[in-house]
file final-v3.csv (CSV, N, CA, C and O atoms)
chain,number,residue,atom,x,y,z
A,1,VAL,N,-20.1,1.3,-15.3
A,1,VAL,CA,-21.3,2.0,-15.0
A,1,VAL,C,-20.9,3.1,-14.0
A,1,VAL,O,-20.2,2.9,-13.1
A,2,SER,N,-21.5,4.3,-14.2
A,2,SER,CA,-21.2,5.4,-13.3
A,2,SER,C,-22.5,6.0,-12.8
A,2,SER,O,-23.4,6.3,-13.6
A,3,TYR,N,-22.5,6.2,-11.5
A,3,TYR,CA,-23.7,6.9,-10.8
A,3,TYR,C,-23.1,8.1,-10.1
A,3,TYR,O,-22.3,7.9,-9.1
A,4,SER,N,-23.5,9.3,-10.5
A,4,SER,CA,-23.1,10.5,-9.8
A,4,SER,C,-21.5,10.6,-9.7
A,4,SER,O,-21.0,11.0,-8.6
A,5,GLY,N,-20.9,10.1,-10.7
A,5,GLY,CA,-19.4,10.2,-10.7
A,5,GLY,C,-18.7,9.1,-10.0
A,5,GLY,O,-17.5,9.1,-9.9
A,6,VAL,N,-19.4,8.1,-9.5
A,6,VAL,CA,-18.8,7.0,-8.8
A,6,VAL,C,-18.8,5.8,-9.8
A,6,VAL,O,-19.8,5.4,-10.4
A,7,THR,N,-17.6,5.2,-10.0
A,7,THR,CA,-17.4,4.1,-10.9
A,7,THR,C,-17.7,2.8,-10.2
A,7,THR,O,-17.2,2.6,-9.2
A,8,ASP,N,-18.5,2.0,-10.9
A,8,ASP,CA,-18.9,0.7,-10.3
A,8,ASP,C,-17.7,-0.3,-10.7
A,8,ASP,O,-17.6,-0.6,-11.9
A,9,ILE,N,-17.0,-0.8,-9.8
A,9,ILE,CA,-15.9,-1.7,-10.1
A,9,ILE,C,-16.3,-3.2,-9.8
A,9,ILE,O,-16.9,-3.5,-8.8
A,10,SER,N,-16.1,-4.0,-10.8
A,10,SER,CA,-16.5,-5.4,-10.6
A,10,SER,C,-15.6,-6.1,-9.6
A,10,SER,O,-14.3,-6.0,-9.7
A,11,VAL,N,-16.2,-6.7,-8.6
A,11,VAL,CA,-15.4,-7.3,-7.5
A,11,VAL,C,-15.2,-8.8,-7.8
A,11,VAL,O,-16.2,-9.5,-8.2
A,12,ASN,N,-14.0,-9.3,-7.7
A,12,ASN,CA,-13.7,-10.7,-8.0
A,12,ASN,C,-14.1,-11.5,-6.8
A,12,ASN,O,-14.2,-11.1,-5.7
A,13,ASN,N,-14.4,-12.8,-7.1
A,13,ASN,CA,-14.7,-13.7,-6.1
A,13,ASN,C,-13.5,-13.9,-5.1
A,13,ASN,O,-12.4,-14.0,-5.6
A,14,LEU,N,-13.8,-13.8,-3.8
A,14,LEU,CA,-12.7,-13.8,-2.8
A,14,LEU,C,-13.1,-14.9,-1.8
A,14,LEU,O,-14.3,-14.9,-1.4
A,15,SER,N,-12.2,-15.8,-1.5
A,15,SER,CA,-12.5,-16.8,-0.5
A,15,SER,C,-11.4,-16.8,0.6
A,15,SER,O,-10.3,-16.5,0.3
A,16,VAL,N,-11.9,-17.1,1.8
A,16,VAL,CA,-11.0,-17.2,3.0
A,16,VAL,C,-11.4,-18.4,3.7
A,16,VAL,O,-12.5,-18.6,4.1
A,17,TYR,N,-10.4,-19.3,3.9
A,17,TYR,CA,-10.7,-20.6,4.7
A,17,TYR,C,-9.5,-21.0,5.4
A,17,TYR,O,-8.3,-20.7,5.0
A,18,PRO,N,-9.6,-21.8,6.5
A,18,PRO,CA,-10.9,-22.0,7.2
A,18,PRO,C,-11.3,-20.8,7.9
A,18,PRO,O,-10.5,-19.9,8.3
A,19,ASN,N,-12.6,-20.7,8.1
A,19,ASN,CA,-13.2,-19.5,8.7
A,19,ASN,C,-14.4,-19.9,9.5
A,19,ASN,O,-15.4,-20.4,8.9
A,20,PRO,N,-14.3,-19.9,10.9
A,20,PRO,CA,-13.3,-19.3,11.7
A,20,PRO,C,-12.0,-20.1,11.7
A,20,PRO,O,-11.9,-21.3,11.3
A,21,SER,N,-10.9,-19.4,12.2
A,21,SER,CA,-9.6,-20.1,12.2
A,21,SER,C,-8.9,-19.6,13.5
A,21,SER,O,-9.3,-18.7,14.2
A,22,THR,N,-7.8,-20.4,13.9
A,22,THR,CA,-7.0,-20.1,15.1
A,22,THR,C,-5.6,-19.6,14.7
A,22,THR,O,-5.0,-18.9,15.5
A,23,ASP,N,-5.1,-20.1,13.6
A,23,ASP,CA,-3.7,-19.7,13.3
A,23,ASP,C,-3.4,-19.3,11.9
A,23,ASP,O,-2.7,-18.3,11.7
A,24,PHE,N,-3.9,-20.0,10.9
A,24,PHE,CA,-3.6,-19.7,9.5
A,24,PHE,C,-4.9,-19.7,8.7
A,24,PHE,O,-5.8,-20.4,8.9
A,25,ILE,N,-4.9,-18.7,7.7
A,25,ILE,CA,-6.0,-18.7,6.7
A,25,ILE,C,-5.4,-18.7,5.4
A,25,ILE,O,-4.3,-18.3,5.1
A,26,THR,N,-6.2,-19.3,4.4
A,26,THR,CA,-5.8,-19.2,3.0
A,26,THR,C,-6.7,-18.2,2.3
A,26,THR,O,-8.0,-18.4,2.5
A,27,VAL,N,-6.2,-17.3,1.6
A,27,VAL,CA,-7.0,-16.3,0.9
A,27,VAL,C,-6.8,-16.6,-0.6
A,27,VAL,O,-5.7,-16.7,-1.1
A,28,GLY,N,-7.9,-16.7,-1.3
A,28,GLY,CA,-7.9,-16.9,-2.7
A,28,GLY,C,-8.8,-16.0,-3.5
A,28,GLY,O,-9.8,-15.5,-2.9
A,29,ALA,N,-8.4,-15.6,-4.7
A,29,ALA,CA,-9.2,-14.7,-5.5
A,29,ALA,C,-9.2,-15.2,-7.0
A,29,ALA,O,-8.3,-16.0,-7.4
A,30,ASP,N,-10.1,-14.7,-7.8
A,30,ASP,CA,-10.1,-15.0,-9.2
A,30,ASP,C,-9.0,-14.3,-10.0
A,30,ASP,O,-8.6,-14.7,-11.0
A,31,SER,N,-8.5,-13.2,-9.4
A,31,SER,CA,-7.4,-12.5,-10.1
A,31,SER,C,-6.3,-12.3,-9.1
A,31,SER,O,-6.5,-12.4,-7.9
A,32,LYS,N,-5.1,-11.9,-9.6
A,32,LYS,CA,-3.9,-11.8,-8.7
A,32,LYS,C,-4.1,-10.6,-7.8
A,32,LYS,O,-4.7,-9.6,-8.1
A,33,PHE,N,-3.5,-10.8,-6.6
A,33,PHE,CA,-3.4,-9.8,-5.6
A,33,PHE,C,-2.0,-9.8,-4.9
A,33,PHE,O,-1.4,-10.8,-5.0
A,34,ASN,N,-1.6,-8.7,-4.4
A,34,ASN,CA,-0.2,-8.7,-3.7
A,34,ASN,C,-0.2,-7.9,-2.4
A,34,ASN,O,0.9,-7.7,-1.9
A,35,VAL,N,-1.3,-7.5,-1.9
A,35,VAL,CA,-1.4,-6.8,-0.6
A,35,VAL,C,-2.6,-7.3,0.1
A,35,VAL,O,-3.7,-7.4,-0.5
A,36,LEU,N,-2.5,-7.6,1.4
A,36,LEU,CA,-3.6,-8.0,2.3
A,36,LEU,C,-3.5,-7.0,3.5
A,36,LEU,O,-2.5,-6.9,4.1
A,37,LYS,N,-4.6,-6.4,3.7
A,37,LYS,CA,-4.8,-5.5,4.9
A,37,LYS,C,-5.9,-6.0,5.7
A,37,LYS,O,-7.0,-6.3,5.2
A,38,THR,N,-5.6,-6.2,7.0
A,38,THR,CA,-6.6,-6.7,7.9
A,38,THR,C,-7.0,-5.6,8.9
A,38,THR,O,-6.1,-5.0,9.5
A,39,TYR,N,-8.3,-5.5,9.1
A,39,TYR,CA,-8.9,-4.5,10.0
A,39,TYR,C,-9.7,-5.1,11.1
A,39,TYR,O,-10.4,-6.1,10.8
A,40,ASP,N,-9.6,-4.5,12.3
A,40,ASP,CA,-10.5,-5.1,13.4
A,40,ASP,C,-11.9,-4.5,13.2
A,40,ASP,O,-12.2,-3.8,12.3
A,41,ASN,N,-12.8,-4.9,14.2
A,41,ASN,CA,-14.2,-4.5,14.1
A,41,ASN,C,-14.4,-3.0,14.3
A,41,ASN,O,-15.4,-2.5,13.9
A,42,ASN,N,-13.3,-2.3,14.7
A,42,ASN,CA,-13.4,-0.8,14.9
A,42,ASN,C,-12.8,-0.1,13.7
A,42,ASN,O,-12.7,1.1,13.8
A,43,GLY,N,-12.4,-0.8,12.7
A,43,GLY,CA,-11.8,-0.2,11.5
A,43,GLY,C,-10.3,0.1,11.6
A,43,GLY,O,-9.7,0.8,10.7
A,44,ARG,N,-9.6,-0.3,12.7
A,44,ARG,CA,-8.2,-0.1,12.8
A,44,ARG,C,-7.4,-1.2,12.1
A,44,ARG,O,-7.7,-2.4,12.2
A,45,GLU,N,-6.4,-0.7,11.3
A,45,GLU,CA,-5.6,-1.7,10.6
A,45,GLU,C,-4.7,-2.4,11.6
A,45,GLU,O,-4.0,-1.8,12.3
A,46,VAL,N,-4.8,-3.7,11.6
A,46,VAL,CA,-4.0,-4.5,12.5
A,46,VAL,C,-2.9,-5.4,11.9
A,46,VAL,O,-2.0,-5.9,12.6
A,47,MET,N,-3.0,-5.5,10.6
A,47,MET,CA,-2.0,-6.3,9.8
A,47,MET,C,-2.0,-5.8,8.4
A,47,MET,O,-3.0,-5.5,7.8
A,48,ASN,N,-0.7,-5.8,7.8
A,48,ASN,CA,-0.5,-5.3,6.5
A,48,ASN,C,0.5,-6.2,5.9
A,48,ASN,O,1.7,-6.2,6.4
A,49,THR,N,0.2,-6.9,4.8
A,49,THR,CA,1.2,-7.9,4.3
A,49,THR,C,1.3,-7.7,2.8
A,49,THR,O,0.3,-7.6,2.0
A,50,TYR,N,2.6,-7.6,2.3
A,50,TYR,CA,2.9,-7.4,0.9
A,50,TYR,C,3.7,-8.6,0.4
A,50,TYR,O,4.5,-9.2,1.2
A,51,PHE,N,3.4,-9.1,-0.8
A,51,PHE,CA,4.1,-10.3,-1.3
A,51,PHE,C,4.0,-10.2,-2.9
A,51,PHE,O,3.4,-9.4,-3.5
A,52,THR,N,4.6,-11.2,-3.5
A,52,THR,CA,4.6,-11.4,-4.9
A,52,THR,C,3.2,-11.7,-5.4
A,52,THR,O,2.5,-12.4,-4.7
A,53,PRO,N,2.7,-11.0,-6.5
A,53,PRO,CA,1.3,-11.3,-6.9
A,53,PRO,C,1.0,-12.7,-7.1
A,53,PRO,O,1.8,-13.5,-7.6
A,54,THR,N,-0.2,-13.1,-6.6
A,54,THR,CA,-0.6,-14.5,-6.6
A,54,THR,C,-2.2,-14.5,-6.6
A,54,THR,O,-2.8,-13.5,-6.3
A,55,ILE,N,-2.7,-15.7,-6.8
A,55,ILE,CA,-4.2,-15.8,-6.7
A,55,ILE,C,-4.6,-16.6,-5.4
A,55,ILE,O,-5.7,-16.7,-5.0
A,56,GLU,N,-3.5,-17.0,-4.6
A,56,GLU,CA,-3.8,-17.7,-3.3
A,56,GLU,C,-2.6,-17.5,-2.4
A,56,GLU,O,-1.4,-17.6,-2.8
A,57,LYS,N,-2.9,-17.2,-1.1
A,57,LYS,CA,-1.8,-16.9,-0.2
A,57,LYS,C,-2.2,-17.4,1.2
A,57,LYS,O,-3.3,-17.2,1.7
A,58,LEU,N,-1.3,-18.1,1.9
A,58,LEU,CA,-1.4,-18.5,3.2
A,58,LEU,C,-1.0,-17.4,4.2
A,58,LEU,O,0.2,-16.9,4.0
A,59,ILE,N,-1.8,-17.1,5.1
A,59,ILE,CA,-1.5,-15.9,6.0
A,59,ILE,C,-1.6,-16.4,7.5
A,59,ILE,O,-2.5,-17.1,7.9
A,60,ASP,N,-0.6,-16.0,8.3
A,60,ASP,CA,-0.5,-16.4,9.7
A,60,ASP,C,-1.3,-15.3,10.5
A,60,ASP,O,-0.9,-14.1,10.5
A,61,ILE,N,-2.4,-15.7,11.1
A,61,ILE,CA,-3.2,-14.8,11.9
A,61,ILE,C,-3.1,-15.1,13.4
A,61,ILE,O,-3.8,-14.6,14.2
A,62,SER,N,-2.1,-16.0,13.8
A,62,SER,CA,-2.0,-16.5,15.2
A,62,SER,C,-1.8,-15.3,16.1
A,62,SER,O,-2.1,-15.4,17.3
A,63,GLN,N,-1.2,-14.2,15.7
A,63,GLN,CA,-0.9,-13.1,16.6
A,63,GLN,C,-2.1,-12.2,16.9
A,63,GLN,O,-2.1,-11.4,17.8
A,64,LEU,N,-3.2,-12.4,16.1
A,64,LEU,CA,-4.4,-11.6,16.3
A,64,LEU,C,-5.1,-12.1,17.5
A,64,LEU,O,-5.1,-13.3,17.8
A,65,LYS,N,-5.8,-11.2,18.3
A,65,LYS,CA,-6.7,-11.6,19.4
A,65,LYS,C,-7.9,-12.2,18.8
A,65,LYS,O,-8.3,-11.9,17.7
A,66,SER,N,-8.7,-12.9,19.6
A,66,SER,CA,-10.0,-13.5,19.2
A,66,SER,C,-10.9,-12.3,18.8
A,66,SER,O,-10.9,-11.3,19.5
A,67,GLY,N,-11.6,-12.5,17.7
A,67,GLY,CA,-12.6,-11.5,17.3
A,67,GLY,C,-12.9,-11.6,15.9
A,67,GLY,O,-12.5,-12.5,15.1
A,68,VAL,N,-13.6,-10.6,15.4
A,68,VAL,CA,-14.0,-10.4,14.0
A,68,VAL,C,-13.1,-9.5,13.3
A,68,VAL,O,-12.8,-8.4,13.8
A,69,TYR,N,-12.7,-9.8,12.1
A,69,TYR,CA,-11.8,-9.0,11.3
A,69,TYR,C,-12.2,-8.9,9.9
A,69,TYR,O,-13.0,-9.8,9.4
A,70,PHE,N,-11.8,-7.9,9.2
A,70,PHE,CA,-12.1,-7.8,7.7
A,70,PHE,C,-10.8,-7.8,7.0
A,70,PHE,O,-9.8,-7.0,7.3
A,71,VAL,N,-10.7,-8.7,6.0
A,71,VAL,CA,-9.5,-8.9,5.2
A,71,VAL,C,-9.7,-8.2,3.8
A,71,VAL,O,-10.6,-8.7,3.1
A,72,ASN,N,-9.0,-7.2,3.5
A,72,ASN,CA,-9.1,-6.5,2.2
A,72,ASN,C,-7.9,-7.0,1.3
A,72,ASN,O,-6.8,-7.0,1.8
A,73,THR,N,-8.2,-7.4,0.1
A,73,THR,CA,-7.1,-7.7,-0.8
A,73,THR,C,-7.0,-6.7,-1.9
A,73,THR,O,-8.0,-6.1,-2.4
A,74,TYR,N,-5.7,-6.4,-2.3
A,74,TYR,CA,-5.4,-5.4,-3.3
A,74,TYR,C,-4.4,-5.9,-4.3
A,74,TYR,O,-3.6,-6.8,-4.0
A,75,PHE,N,-4.5,-5.4,-5.5
A,75,PHE,CA,-3.5,-5.6,-6.5
A,75,PHE,C,-2.9,-4.2,-6.7
A,75,PHE,O,-3.6,-3.3,-7.2
A,76,ASP,N,-1.7,-4.0,-6.1
A,76,ASP,CA,-1.1,-2.6,-6.0
A,76,ASP,C,-2.1,-1.8,-5.2
A,76,ASP,O,-2.4,-2.1,-4.1
A,77,SER,N,-2.7,-0.7,-5.8
A,77,SER,CA,-3.6,0.1,-5.0
A,77,SER,C,-5.1,-0.1,-5.3
A,77,SER,O,-6.0,0.5,-4.8
A,78,GLU,N,-5.4,-1.1,-6.2
A,78,GLU,CA,-6.8,-1.4,-6.6
A,78,GLU,C,-7.3,-2.5,-5.7
A,78,GLU,O,-6.8,-3.6,-5.6
A,79,MET,N,-8.4,-2.2,-5.0
A,79,MET,CA,-9.0,-3.2,-4.2
A,79,MET,C,-9.7,-4.3,-5.0
A,79,MET,O,-10.4,-4.1,-6.0
A,80,ILE,N,-9.4,-5.6,-4.6
A,80,ILE,CA,-9.9,-6.7,-5.3
A,80,ILE,C,-11.2,-7.2,-4.5
A,80,ILE,O,-12.2,-7.6,-5.2
A,81,GLY,N,-11.2,-7.2,-3.2
A,81,GLY,CA,-12.3,-7.6,-2.4
A,81,GLY,C,-12.1,-7.6,-1.0
A,81,GLY,O,-11.0,-7.3,-0.5
A,82,THR,N,-13.2,-7.9,-0.2
A,82,THR,CA,-13.1,-7.9,1.2
A,82,THR,C,-13.9,-9.1,1.7
A,82,THR,O,-14.9,-9.5,1.2
A,83,GLN,N,-13.3,-9.7,2.8
A,83,GLN,CA,-14.0,-10.8,3.4
A,83,GLN,C,-13.9,-10.7,4.9
A,83,GLN,O,-12.9,-10.4,5.5
A,84,LYS,N,-15.0,-11.0,5.6
A,84,LYS,CA,-15.0,-11.0,7.1
A,84,LYS,C,-14.6,-12.4,7.6
A,84,LYS,O,-14.9,-13.4,7.0
A,85,ILE,N,-13.7,-12.3,8.6
A,85,ILE,CA,-13.2,-13.6,9.2
A,85,ILE,C,-13.4,-13.5,10.7
A,85,ILE,O,-13.5,-12.5,11.3
A,86,THR,N,-13.4,-14.7,11.3
A,86,THR,CA,-13.4,-14.8,12.8
A,86,THR,C,-12.2,-15.5,13.2
A,86,THR,O,-11.9,-16.6,12.7
A,87,LYS,N,-11.5,-14.9,14.2
A,87,LYS,CA,-10.3,-15.5,14.8
A,87,LYS,C,-10.7,-16.1,16.1
A,87,LYS,O,-11.2,-15.4,17.0
A,88,ASN,N,-10.4,-17.3,16.3
A,88,ASN,CA,-10.7,-18.0,17.6
A,88,ASN,C,-9.3,-18.3,18.3
A,88,ASN,O,-8.3,-18.4,17.6
A,89,GLU,N,-9.4,-18.5,19.6
A,89,GLU,CA,-8.2,-18.8,20.4
A,89,GLU,C,-7.9,-20.3,20.2
A,89,GLU,O,-8.7,-21.1,19.9

call {"tool": "encode", "arguments": {"input": "final-v3.csv", "output": "structure tokens"}}
result
Amino acid sequence: VSYSGVTDISVNNLSVYPNPSTDFITVGADSKFNVLKTYDNNGREVMNTYFTPTIEKLIDISQLKSGVYFVNTYFDSEMIGTQKITKNE
């Protein structure tokens, strides 16, 4: 579907658990992804992880400060989904 030249992309189900977390999160999606980019509440990229394509990945977030973050998943350059997470100490 296209509205004013913008294509509507179907977003796959994305899960992140446990949320909130203190050290590790597991990210899962309905389709394969191979890049995770994590952004702080101000939109700054704080973590960028590349790996072999998978539908589930364990990610170490222990180095992040406490706060709210947004995890974006990609397959190459195509965004799969975004999930908000909370990092606790």

call {"tool": "atom_distance", "arguments": {"input": "final-v3.csv", "atom1": "atom CA of A:Thr38", "atom2": "atom CA of A:Thr22"}}
result
15.2 Å

call {"tool": "closest_residue", "arguments": {"input": "final-v3.csv", "among": "A:Asn88, A:Asn72, A:Gln63, A:Ser77", "to": "A:Lys37", "atoms": "all atoms listed in the file"}}
result
A:Asn72

call {"tool": "residues_around", "arguments": {"input": "final-v3.csv", "residues": "stretch 25-30 of chain A", "least_positions_apart": "6", "cutoff": "8 Å", "atoms": "all atoms listed in the file", "output": "list of chain:residue names"}}
result
A:Val11, A:Asn12, A:Asn13, A:Leu14, A:Ser15, A:Val16, A:Tyr17, A:Pro18, A:Asn19, A:Thr54, A:Ile55, A:Glu56, A:Lys57, A:Leu58, A:Ile59, A:Asp60, A:Ile61, A:Ser62, A:Ile80

call {"tool": "atom_distance", "arguments": {"input": "final-v3.csv", "atom1": "atom CA of A:Ser31", "atom2": "atom CA of A:Gly81"}}
result
10.4 Å

call {"tool": "closest_residue", "arguments": {"input": "final-v3.csv", "among": "A:Phe70, A:Phe33, A:Thr86, A:Glu78", "to": "A:Glu45", "atoms": "only N, CA, C and O atoms"}}
result
A:Phe70

call {"tool": "select_by_dssp", "arguments": {"input": "final-v3.csv", "residues": "chain A", "states": "strand (DSSP E or B)", "output": "NGL selection string"}}
result
:A and (2-3 or 6-7 or 14-17 or 21 or 24-40 or 45-60 or 67-75 or 78-87)

call {"tool": "atom_distance", "arguments": {"input": "final-v3.csv", "atom1": "atom O of A:Pro20", "atom2": "atom N of A:Met79"}}
result
25.4 Å

call {"tool": "residues_around", "arguments": {"input": "final-v3.csv", "residues": "A:Ile85", "least_positions_apart": "5", "cutoff": "5 Å", "atoms": "all atoms listed in the file", "output": "list in words"}}
result
Gly67, Val68, Tyr69 and Phe70 of chain A

call {"tool": "closest_residue", "arguments": {"input": "final-v3.csv", "among": "A:Ser21, A:Gln83, A:Ser66, A:Thr73", "to": "A:Val35", "atoms": "only C-alpha atoms"}}
result
A:Thr73

call {"tool": "closest_residue", "arguments": {"input": "final-v3.csv", "among": "A:Val71, A:Val46, A:Leu64, A:Leu36", "to": "A:Lys87", "atoms": "only N, CA, C and O atoms"}}
result
A:Leu64
